[in-house]
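Participant: start_0.cif (mmCIF, C-alpha atoms) pasted underneath:
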data_my_file
#
loop_
_atom_site.label_atom_id
_atom_site.label_comp_id
_atom_site.auth_asym_id
_atom_site.auth_seq_id
_atom_site.Cartn_x
_atom_site.Cartn_y
_atom_site.Cartn_z
CA MET A 29 -11.70 -25.14 31.87
CA ASP A 30 -9.62 -24.39 28.76
CA ASP A 31 -7.56 -21.20 28.61
CA GLU A 32 -9.75 -19.77 25.86
CA ASP A 33 -12.80 -20.05 28.14
CA LEU A 34 -11.23 -18.17 31.04
CA PRO A 35 -12.81 -14.73 31.53
CA LEU A 36 -10.89 -11.62 30.60
CA PRO A 37 -10.90 -8.72 33.06
CA ASP A 38 -13.53 -6.08 32.32
CA LEU A 39 -11.51 -3.14 31.04
CA ARG A 40 -14.23 -1.35 29.12
CA ASP A 41 -14.29 1.65 31.44
CA ILE A 42 -10.54 2.23 31.31
CA ARG A 43 -9.44 5.28 29.37
CA PRO A 44 -8.14 4.95 25.77
CA PRO A 45 -4.59 3.62 25.35
CA ILE A 46 -1.75 6.05 25.89
CA MET A 47 1.10 6.01 23.40
CA ALA A 48 4.54 7.22 24.41
CA ASN A 49 6.27 9.97 22.48
CA SER A 50 8.98 8.04 20.67
CA ASP A 51 11.58 10.80 20.82
CA ALA A 52 13.19 12.35 23.89
CA ARG A 53 11.73 15.61 22.67
CA ALA A 54 7.94 15.98 22.75
CA VAL A 55 6.46 15.04 19.38
CA ARG A 56 4.67 18.01 17.90
CA LEU A 57 1.25 16.82 16.81
CA ASP A 58 0.12 18.62 13.72
CA THR A 59 -3.49 18.71 12.62
CA ALA A 60 -3.28 15.49 10.60
CA GLN A 61 -1.63 13.59 13.46
CA ALA A 62 -4.21 14.88 15.94
CA ARG A 63 -7.05 13.71 13.68
CA TYR A 64 -5.36 10.34 13.30
CA ASP A 65 -5.02 9.87 17.05
CA ALA A 66 -8.55 11.09 17.73
CA TYR A 67 -10.04 8.65 15.23
CA PHE A 68 -8.39 5.67 16.94
CA GLY A 69 -8.84 6.96 20.49
CA VAL A 70 -5.16 7.46 21.29
CA ARG A 71 -3.56 9.88 23.76
CA ARG A 72 0.18 10.56 23.72
CA THR A 73 2.24 10.99 26.85
CA ARG A 74 5.72 10.53 28.28
CA ASP A 75 4.48 8.74 31.39
CA ARG A 76 6.79 5.93 32.58
CA ASP A 77 3.94 3.40 32.76
CA THR A 78 2.76 4.04 29.21
CA LEU A 79 4.09 0.84 27.65
CA ALA A 80 2.56 -1.51 30.22
CA TYR A 81 -0.74 0.35 30.04
CA GLY A 82 -0.81 0.34 26.24
CA VAL A 83 0.11 -3.35 26.05
CA LEU A 84 -2.67 -4.25 28.47
CA ILE A 85 -5.38 -2.27 26.69
CA GLY A 86 -4.21 -2.98 23.13
CA PHE A 87 -3.88 -6.73 23.51
CA HIS A 88 -7.01 -7.05 25.62
CA GLY A 89 -8.92 -5.39 22.77
CA VAL A 90 -7.70 -7.98 20.26
CA LEU A 91 -8.46 -10.97 22.48
CA ASP A 92 -11.87 -9.61 23.48
CA ASN A 93 -12.75 -8.97 19.84
CA LEU A 94 -11.70 -12.46 18.76
CA ARG A 95 -13.76 -14.05 21.50
CA SER A 96 -16.88 -12.14 20.50
CA ALA A 97 -16.60 -12.09 16.68
CA ARG A 98 -15.32 -14.70 14.26
CA SER A 99 -12.10 -14.41 12.34
CA ASN A 100 -10.70 -15.95 9.17
CA LEU A 101 -7.12 -15.88 10.42
CA ALA A 102 -5.32 -19.15 9.78
CA PRO A 103 -3.34 -20.67 12.68
CA VAL A 104 -0.10 -19.74 10.91
CA GLN A 105 -1.29 -16.09 10.94
CA TRP A 106 -2.57 -16.12 14.52
CA HIS A 107 0.56 -17.74 15.96
CA PRO A 108 2.94 -14.74 15.48
CA LEU A 109 0.43 -12.38 17.09
CA ALA A 110 -0.13 -14.69 20.07
CA ALA A 111 3.64 -15.16 20.45
CA GLY A 112 4.20 -11.41 20.26
CA ILE A 113 1.64 -10.78 22.99
CA HIS A 114 3.27 -13.42 25.20
CA ASN A 115 6.82 -12.15 24.60
CA THR A 116 5.89 -8.57 25.40
CA LEU A 117 4.06 -9.51 28.60
CA ASN A 118 7.17 -11.50 29.58
CA PHE A 119 9.27 -8.44 28.82
CA LEU A 120 7.26 -6.44 31.34
CA LEU A 121 7.45 -9.05 34.10
CA PRO A 122 10.29 -9.68 36.55
CA ALA A 123 12.58 -12.50 35.39
CA ASP A 124 11.31 -14.93 38.02
CA ARG A 125 7.72 -14.58 36.79
CA ARG A 126 8.32 -15.13 33.08
CA THR A 127 6.93 -18.23 31.39
CA CYS A 128 7.67 -20.27 28.29
CA TYR A 129 5.38 -19.65 25.36
CA ARG A 130 2.62 -22.23 24.95
CA TYR A 131 0.58 -21.97 21.79
CA SER A 132 -3.05 -21.04 22.40
CA PRO A 133 -5.55 -21.78 19.59
CA LEU A 134 -7.44 -18.93 18.01
CA PRO A 135 -10.61 -18.27 20.04
CA HIS A 136 -13.82 -19.50 18.41
CA ALA A 137 -16.74 -17.15 17.86
CA HIS A 138 -19.71 -17.15 15.51
CA ARG A 139 -20.88 -13.55 15.40
CA VAL A 140 -19.89 -11.42 12.39
CA ALA A 141 -17.29 -8.81 13.27
CA ASP A 142 -18.21 -5.13 13.38
CA PRO A 143 -15.77 -3.80 10.73
CA ALA A 144 -15.39 -0.33 12.24
CA ARG A 145 -14.67 -1.73 15.69
CA ARG A 146 -12.19 -4.34 14.42
CA TRP A 147 -10.46 -1.66 12.34
CA ARG A 148 -9.98 0.55 15.41
CA VAL A 149 -9.12 -2.24 17.86
CA GLY A 150 -6.58 -3.71 15.44
CA HIS A 151 -4.90 -0.38 14.83
CA ARG A 152 -4.63 0.33 18.54
CA ALA A 153 -2.84 -2.99 19.05
CA PHE A 154 -0.68 -2.28 16.00
CA PHE A 155 0.47 1.00 17.56
CA VAL A 156 1.55 -0.89 20.68
CA LEU A 157 3.43 -3.41 18.55
CA THR A 158 5.20 -0.60 16.71
CA GLN A 159 6.41 0.73 20.05
CA CYS A 160 7.66 -2.77 20.87
CA VAL A 161 9.58 -2.99 17.58
CA ILE A 162 11.17 0.37 18.42
CA ILE A 163 12.21 -0.91 21.86
CA GLY A 164 13.84 -3.97 20.29
CA LEU A 165 15.73 -2.00 17.65
CA ARG A 166 16.88 0.65 20.12
CA GLY A 167 18.11 -2.11 22.40
CA PHE A 168 19.98 -3.57 19.45
CA LEU A 169 21.69 -0.25 18.70
CA ASP A 170 22.62 0.27 22.35
CA ALA A 171 24.19 -3.18 22.53
CA THR A 172 26.12 -2.80 19.27
CA GLU A 173 27.69 0.42 20.58
CA ARG A 174 29.11 -1.68 23.42
CA ALA A 175 30.00 -4.54 21.03
CA ALA A 176 27.81 -6.73 23.24
CA TRP A 177 26.77 -8.92 20.36
CA ARG A 178 24.84 -11.53 22.35
CA ASP A 179 22.72 -8.79 23.90
CA ALA A 180 22.38 -7.21 20.47
CA VAL A 181 21.05 -10.45 18.98
CA THR A 182 18.55 -10.86 21.83
CA ALA A 183 17.20 -7.35 21.26
CA LEU A 184 17.21 -7.77 17.49
CA ASN A 185 15.30 -11.04 17.72
CA TYR A 186 12.71 -9.38 19.94
CA GLY A 187 12.28 -6.56 17.41
CA THR A 188 11.93 -9.10 14.59
CA THR A 189 9.37 -11.10 16.58
CA MET A 190 7.33 -7.96 17.15
CA LEU A 191 7.50 -7.09 13.45
CA ALA A 192 6.06 -10.53 12.69
CA ALA A 193 3.35 -9.89 15.27
CA SER A 194 2.66 -6.56 13.54
CA GLU A 195 2.08 -8.34 10.24
CA ALA A 196 -0.37 -10.72 11.93
CA CYS A 197 -2.08 -7.75 13.56
CA LEU A 198 -2.48 -6.08 10.16
CA ARG A 199 -4.26 -9.19 8.91
CA PHE A 200 -6.52 -9.25 11.98
CA THR A 201 -7.32 -5.55 11.55
CA ALA A 202 -8.49 -6.08 7.96
CA ASP A 203 -10.32 -9.34 8.66
CA PHE A 204 -13.75 -8.31 7.38
CA PRO A 205 -15.39 -8.10 3.93
CA SER A 206 -14.00 -5.54 1.50
CA ASP A 207 -17.49 -4.20 0.83
CA ASP A 208 -17.71 -3.15 4.47
CA TYR A 209 -14.49 -1.20 4.08
CA ARG A 210 -15.88 0.73 1.14
CA ARG A 211 -19.27 1.33 2.74
CA THR A 212 -18.43 2.18 6.33
CA VAL A 213 -14.73 2.21 7.23
CA ARG A 214 -13.14 4.36 4.55
CA PRO A 215 -15.87 7.06 4.47
CA ALA A 216 -15.40 7.60 8.22
CA MET A 217 -11.68 8.35 7.90
CA PRO A 218 -10.52 11.93 7.27
CA ALA A 219 -8.91 12.92 3.98
CA GLU A 220 -5.13 12.51 3.64
CA PHE A 221 -5.31 9.90 6.39
CA THR A 222 -2.59 7.27 6.66
CA GLY A 223 -0.49 5.57 9.28
CA LEU A 224 2.54 5.96 7.02
CA ALA A 225 2.57 9.65 7.99
CA SER A 226 2.19 9.03 11.74
CA ALA A 227 4.83 10.05 14.27
CA ASP A 228 5.37 6.41 15.23
CA HIS A 229 6.07 5.30 11.67
CA ALA A 230 8.33 8.30 11.05
CA TYR A 231 10.40 7.42 14.11
CA LEU A 232 10.58 3.76 13.12
CA VAL A 233 11.86 4.69 9.64
CA ALA A 234 14.53 6.94 11.16
CA LEU A 235 15.52 4.08 13.45
CA LEU A 236 15.77 1.64 10.54
CA ARG A 237 18.15 4.09 8.89
CA ALA A 238 20.40 3.93 11.95
CA VAL A 239 20.06 0.14 12.26
CA GLY A 240 21.30 -0.54 8.71
CA PRO A 241 25.00 0.19 9.30
CA ALA A 242 24.91 -1.62 12.66
CA LEU A 243 23.52 -4.74 10.97
CA GLN A 244 26.36 -4.73 8.47
CA ALA A 245 28.87 -4.49 11.32
CA MET A 246 27.57 -7.65 13.01
CA PRO A 247 29.97 -10.60 13.16
CA VAL A 248 29.33 -13.10 10.38
CA GLU A 249 28.09 -15.77 12.78
CA PHE A 250 25.02 -13.62 13.47
CA SER A 251 24.12 -13.02 9.83
CA GLU A 252 20.98 -15.17 10.01
CA HIS A 253 19.48 -12.76 12.55
CA ARG A 254 20.15 -9.84 10.21
CA GLU A 255 18.50 -11.68 7.34
CA ALA A 256 15.50 -12.55 9.52
CA LEU A 257 14.86 -8.87 10.25
CA HIS A 258 15.14 -7.96 6.57
CA ALA A 259 12.78 -10.76 5.49
CA THR A 260 10.23 -9.91 8.18
CA LEU A 261 10.23 -6.21 7.35
CA ARG A 262 9.63 -7.04 3.70
CA SER A 263 6.84 -9.43 4.67
CA VAL A 264 5.09 -6.72 6.73
CA TYR A 265 5.05 -4.33 3.79
CA LEU A 266 3.88 -7.06 1.42
CA ALA A 267 1.04 -7.88 3.79
CA HIS A 268 0.06 -4.21 3.92
CA GLN A 269 0.16 -4.09 0.14
CA GLY A 270 -2.01 -7.21 -0.18
CA ILE A 271 -4.61 -5.89 2.25
CA CYS A 272 -4.63 -2.57 0.43
CA ALA A 273 -5.26 -4.39 -2.87
CA ARG A 274 -8.19 -6.28 -1.36
CA PHE A 275 -9.69 -2.95 -0.35
CA ASP A 276 -9.40 -1.60 -3.93
CA GLY A 277 -5.99 -0.02 -3.37
CA ASP A 278 -4.80 -1.45 -6.69
CA HIS A 279 -7.26 0.89 -8.43
CA SER A 280 -7.68 3.84 -6.05
CA PRO A 281 -5.16 6.31 -4.60
CA SER A 282 -4.43 6.21 -0.90
CA LEU A 283 -6.28 8.56 1.42
CA ARG A 284 -2.96 10.29 1.98
CA MET A 285 -2.64 11.21 -1.72
CA ALA A 286 -6.22 11.13 -2.98
CA ALA A 287 -6.48 14.90 -3.29
CA HIS A 288 -3.55 15.31 -5.68
CA SER A 289 -2.66 11.94 -7.22
CA THR A 290 -4.13 9.11 -9.27
CA THR A 291 -1.33 6.67 -8.42
CA PRO A 292 -2.82 3.47 -6.96
CA ALA A 293 -2.18 2.99 -3.27
CA THR A 294 -0.55 -0.40 -3.86
CA THR A 295 2.01 1.20 -6.18
CA VAL A 296 2.92 3.71 -3.48
CA LEU A 297 3.26 0.92 -0.91
CA SER A 298 5.45 -1.12 -3.24
CA ARG A 299 7.82 1.82 -3.66
CA LEU A 300 7.90 2.41 0.08
CA ALA A 301 8.62 -1.26 0.75
CA ARG A 302 11.66 -1.19 -1.52
CA SER A 303 13.01 2.03 0.01
CA ARG A 304 12.48 0.86 3.60
CA CYS A 305 14.14 -2.51 3.02
CA ARG A 306 17.10 -0.77 1.39
CA LEU A 307 17.67 1.07 4.67
CA LEU A 308 18.79 -2.23 6.19
CA GLU A 309 21.27 -2.88 3.40
CA LEU A 310 23.38 0.23 3.90
#
The structure in this file should be written as structure tokens.
Facilitator:
Amino acid sequence: MDDEDLPLPDLRDIRPPIMANSDARAVRLDTAQARYDAYFGVRRTRDRDTLAYGVLIGFHGVLDNLRSARSNLAPVQWHPLAAGIHNTLNFLLPADRRTCYRYSPLPHAHRVADPARRWRVGHRAFFVLTQCVIIGLRGFLDATERAAWRDAVTALNYGTTMLAASEACLRFTADFPSDDYRRTVRPAMPAEFTGLASADHAYLVALLRAVGPALQAMPVEFSEHREALHATLRSVYLAHQGICARFDGDHSPSLRMAAHSTTPATTVLSRLARSRCRLLEL
């Protein structure tokens, strides 16, 4: 029996994924953040087992969805997501139980995807991946403070890999017709609703600001790893911008700004991409 035919465990009755508060202090959830979490079925906690639990539920949702509904992802787009899932599961396992990555083809399905379900499932996995990026970048900063450059590169490469997986997850999340987004997905989301204002994204941006100077302090022999992070971060924002354009974001304002702006969402994303990438150049 091929790997793609092996049954997945039945996790449908498990509670929604739990996301860890990124800061040592409890993140204060304002009304917008609470609506955002409620829409995607997310609970926030500081429980020690949060990451493993979130990884299990988030990635199971993606694999289960791909096995039941078809996808237009190309192999080159699926590969980073599959590799990210494998690397994170390895990260959670004891060293003697880790395995080498073996590419698994995209599961084949024929049923049309439910856009609302794919949108939610994809975002839940994306939140987990964001936490993984944060872990990698925090590990990088910790290692640079000790001038442990080999450890720093290992952590940085993990963060970069998870950023690439995040880009692939974005493409999976939006893998349904644009008409369905206009008809069913967008109307169901609250006003002024955007992941760019989430606590996770805010923490990641603050972390990128701290990572910039540490990247510049890296010995020259590790410069390719610095450039890889920069290129991958830019690619993630470009992917977000392209998806937004496909969903009419090149003509309409974002949900975050719709009430007080006519600036197209893609223009806002382009500006954000430039400012975020500049954080790594300081």
Participant: Suppose a student applies the PyMOL selection byres ((chain A and resi 142-147) around 6) to this structure; what residues should they get, written as a ChimeraX atom specification?
Facilitator: /A:141,148-150,201,204,213
Participant: Each residue of range 175-194 of chain A lying at most 12 Å from range 98-106 of chain A should get a row with its shortest atom-to-atom pair and the distance in Å to one decimal, counting all atoms listed in the file; could you produce that, ordered by chain and increasing number, as a tab-separated table?
Facilitator:
residue	atom	partner	partner_atom	distance
A:Ala192	CA	A:Gln105	CA	9.4
A:Ala193	CA	A:Trp106	CA	8.6
A:Ser194	CA	A:Gln105	CA	10.6
Participant: Could you expand the PyMOL selection byres ((chain A and resi 232) around 9) into the explicit residues it covers here, written as number ranges by chain?
Facilitator: A: 50, 158-159, 161-162, 165, 227-231, 233-237
Participant: Neighbourhood query: residues within 9 Å of (18.9, -5.9, 18.0), file coordinates, counting all atoms listed in the file; return as a ChimeraX atom specification.
Facilitator: /A:164-172,177,179-188,239,243,253-254
Participant: Counting all atoms listed in the file, figure out which residue out of A:Ala238, A:Thr212, A:Arg126, A:Leu117 gets nearest to Glu173 in chain A.
Facilitator: A:Ala238
Participant: One decimal, Å: what's the distance from CA of Gly82 in chain A over to CA of His107 in chain A, could you say?
Facilitator: 20.8 Å
Participant: Give as an mmCIF file with C-alpha atoms, keeping the file's coordinate frame every residue, naming chains and numbers as the document does, that has an atom within 12 Å of (-21.1, -17.2, 20.2), counting all atoms listed in the file.
Facilitator:
data_model
loop_
_atom_site.group_PDB
_atom_site.id
_atom_site.type_symbol
_atom_site.label_atom_id
_atom_site.label_comp_id
_atom_site.auth_asym_id
_atom_site.auth_seq_id
_atom_site.Cartn_x
_atom_site.Cartn_y
_atom_site.Cartn_z
ATOM 1 C CA ASP A 33 -12.800 -20.050 28.140
ATOM 2 C CA ASN A 93 -12.750 -8.970 19.840
ATOM 3 C CA LEU A 94 -11.700 -12.460 18.760
ATOM 4 C CA ARG A 95 -13.760 -14.050 21.500
ATOM 5 C CA SER A 96 -16.880 -12.140 20.500
ATOM 6 C CA ALA A 97 -16.600 -12.090 16.680
ATOM 7 C CA ARG A 98 -15.320 -14.700 14.260
ATOM 8 C CA PRO A 135 -10.610 -18.270 20.040
ATOM 9 C CA HIS A 136 -13.820 -19.500 18.410
ATOM 10 C CA ALA A 137 -16.740 -17.150 17.860
ATOM 11 C CA HIS A 138 -19.710 -17.150 15.510
ATOM 12 C CA ARG A 139 -20.880 -13.550 15.400
ATOM 13 C CA VAL A 140 -19.890 -11.420 12.390
ATOM 14 C CA ALA A 141 -17.290 -8.810 13.270
#
Participant: Which residue gives the smallest distance to Arg174 in chain A among A:Ser251, A:Glu309, A:Ala242, A:Arg72, with only C-alpha atoms counted?
Facilitator: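 Answer, going by the shortest atom-to-atom distance: A:Ala242.
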Participant: In terms of the shortest atom-to-atom distance over all atoms listed in the file, which of A:Val248, A:Val83, A:Ala153, A:Leu198 is closest to Asn115 in chain A?
Facilitator: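 Result for the nearest residue to Asn115 in chain A: A:Val83.
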Participant: Here is a test: counting only C-alpha atoms, which residue of A:Arg152, A:Thr116, A:Pro122, A:Asp92 is nearest to Leu134 in chain A?
Facilitator: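 Looking at the shortest contact to Leu134 in chain A, the residue is A:Asp92.
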Participant: Hey, can you check how far CA of Tyr129 in chain A sits from CA of Arg178 in chain A?
Facilitator: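 Going from CA of Tyr129 in chain A over to CA of Arg178 in chain A, I get 21.3 Å.
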Participant: I'd like to know which of A:Thr73, A:Ala176, A:Ile113, A:Tyr64 is closest to Ile85 in chain A, using only C-alpha atoms.
Facilitator: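 For Ile85 in chain A, the nearest of the candidates is A:Ile113.
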Participant: One decimal, Å: what's the distance from CA of Thr189 in chain A over to CA of Arg274 in chain A, could you say?
Facilitator: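 Spanning CA of Thr189 in chain A to CA of Arg274 in chain A is a straight-line distance of 25.6 Å.
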